[in-house]
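Worksheet for the structure shown next.
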Amino acid sequence: MSRRWSIARQLFALQVLVVTLLVAVGTTGAVLLAGRDAQKTAEAEVMAVARTIAQSSEVARALRAPDPSITLQPYAEAVRNETGTDFVVVMAPDRTRYSHPTRELIGQPFAGTVDEALRGGWVIEEYPGSLGTSIRTVVPIHDPASGTIIGLVSVGIKTDTINQELIRQLPAVGGATAVALLLAAFGSWLLSRRLRRQTHGLGPAEMTRMYEYYDAVLHAVREGLVVVDRDGRVTLINDEGRRLLGVEADGPADLPPEVAGLITERRPTVDEPVLIGDRVLVASRRETRFDGRVLGTVLTLRDHTELRSLTGELDSVRGLTEALRAQAHEAANRLHTVLTMVELGRADEAIALATAELAVAQQLTDQVVGAVEEPALAALLLGKSAQAGERGVELTIDGESRLTGSLLRGRDLITVVGNLIDNALEAVAETPLPRRVGVLVREEDGEVLVRVRDNGPGLSPDQAASAFRRGWSTKGDGHGIGLSLVRQVAQRYGGSYDIHTAAGGGAVISVRLPVPA
């Protein structure tokens, strides 16, 4: 089965057909115009020759002679041969010929229209005379003295002569036509070759199906897709990409700076986190090539906002579980100790040991629950306390902490407080004992203040200036998201954030969130 014609081949055939028709029509029109121009030229030529003869004094004298033909016949033939016309006929007003290329017709009446010439005008017509069809003119000859019409002169060129002249021009016209066809065919071939290279030799049906399939896939896929050409212009953003980037469906494709920066970078990008508004996106960048040529860049985006949130909660739960498991082991050891002390008859000391451990745990719970009425935040602080204890970190809740009611969204508070505590726990991970982290959550002057301090190594001024930037971390790749999320929450509420070095060392991070009216 023969392969269907590609778009390039169909376009080439169509262009050749159209160009051939146009050249054929143009050539036909040129031939017709040339014929009409030749006829006009012939009319002008015979008119000019006839008027020249009519104004000749020699012709006027010959017409007054007893036998005008003796003078006029050789004169007319000389003029005919010199001007290239087919006949020059001088006649009397009654149509009697005094000259003619065929001598037998001299003295015979002239065949043609002369009425207008006899009235002082002139005649020009195409007439089938004795020599064949010709373009002829008839002009009156006036007496120089009296001005009366004493004769007529007719000059003509046969149409066969005009046609032969056109036939002699046909090779030039045909050559020009052939050159035009060759140039048009060559141009069409170049255009079809370029189109074939751009369409990869696909046919219309194949391209239609490909467009329909690709369009359906681009609209249905649950990943954001951004396609940029080699000049950096955005050529395509699918529906999911516009949703994730906050780009209007009918508006210009203005990419956020974070995404635009990834596209302009030359390094490969694989699953790099990007913060766009409230979303945590995972971006991958790849150059597209065909036949070794770079066509552009494709950027894929996946929404990991919920996944990041769930991952953070899972990490907290895992940390709390590990802390509870460790505490369960410690509780079992203490319980065995208490039981052994009872068996040894030292009941008072056993009771003191048991109540002391219980008092410490209850004191922390009472402090957190009494200071923070937001249940989710209270649970977070208790969980982080257990997690800190498992890591050997002393996490304290500032005694001035006070937060009544649901002033802010619980999820936003958890994001800010949880990430600040996690950042502090990581900061003191390598610090020699004792490791301390302090937390203050307080409502004051219409805003919520969250302050977390640690006794870790602290940050230099340059590090402090970059700490809230996306992807920046002192821990290497895979970090640098927590403080960026804190910054986003602060910006969303119109609040502020600050980081500085504490007087005794370590870092202090403060976040102020205005309470919505």
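Chain lettering (A, B, ...) mirrors the order of the structure tokens, residue numbering begins at 1 for each chain separately, and ligand numbering begins at 1 in order of display.
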
Determine, counting only C-alpha atoms, which protein, DNA and RNA residues have an atom within 10 Å of an atom of Asp231 of chain A; residues of the same chain fewer than 6 positions away are not included. Present the result as an MDAnalysis selection string. chainID A and resid 295:297

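Taking only C-alpha atoms into account, Glu82 of chain A lies nearest to A:Val49 out of the set A:Leu218, A:Gly174, A:Val49, A:Leu485.
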
Please provide as a PyMOL selection string all residues within 12 Å of Ala44 of chain A, with the sequence filter that same-chain residues fewer than 4 positions apart are discarded (counting only C-alpha atoms). chain A and resi 37-40+48-51+85+124-125+135-137+155-157

With only C-alpha atoms as the counted atoms, please give the residues lying no more than 7 Å from segment 121-123 of chain A, apart from itself and same-chain residues fewer than 2 positions off, as a list in words. Val114, Glu116, Ala117, Arg119, Glu125, Thr137, Val138 and Val139 of chain A

Residue subset to file, keeping N, CA and C atoms, as a compact mmCIF listing (two decimals), in the first residue's frame:
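Once everything was written out, this is again.txt:
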```txt
# COMPACT_ATOMS: atom_id res chain seq x y z
N VAL A 114 -15.06 54.35 -48.15
CA VAL A 114 -14.41 55.63 -48.43
C VAL A 114 -15.30 56.82 -48.11
N GLU A 116 -16.43 58.33 -45.38
CA GLU A 116 -15.97 59.31 -44.40
C GLU A 116 -14.79 60.11 -44.94
N ALA A 117 -13.93 59.44 -45.73
CA ALA A 117 -12.80 60.14 -46.34
C ALA A 117 -13.26 61.16 -47.35
N ARG A 119 -15.83 62.90 -47.13
CA ARG A 119 -16.38 64.05 -46.41
C ARG A 119 -15.29 64.84 -45.68
N GLU A 125 -10.03 50.51 -40.92
CA GLU A 125 -10.87 49.33 -40.75
C GLU A 125 -10.07 48.06 -41.07
N THR A 137 -6.35 51.98 -44.05
CA THR A 137 -6.86 53.33 -43.77
C THR A 137 -7.07 54.04 -45.11
N VAL A 138 -8.00 54.95 -45.14
CA VAL A 138 -8.29 55.77 -46.33
C VAL A 138 -8.27 57.22 -45.89
N VAL A 139 -7.44 58.04 -46.56
CA VAL A 139 -7.25 59.45 -46.21
C VAL A 139 -7.47 60.29 -47.45
```

Report as a ChimeraX atom specification all protein, DNA and RNA residues lying within 12 Å of segment 454-456 of chain A, evaluated on only C-alpha atoms, omitting residues in the same chain fewer than 4 positions from it. /A:393-396,420-440,499-509

Check segment 382-491 of chain A with DSSP on the backbone and list each residue it calls alpha helix (DSSP H), as a PyMOL selection string. chain A and resi 382-391+410-427+461-466+482-491
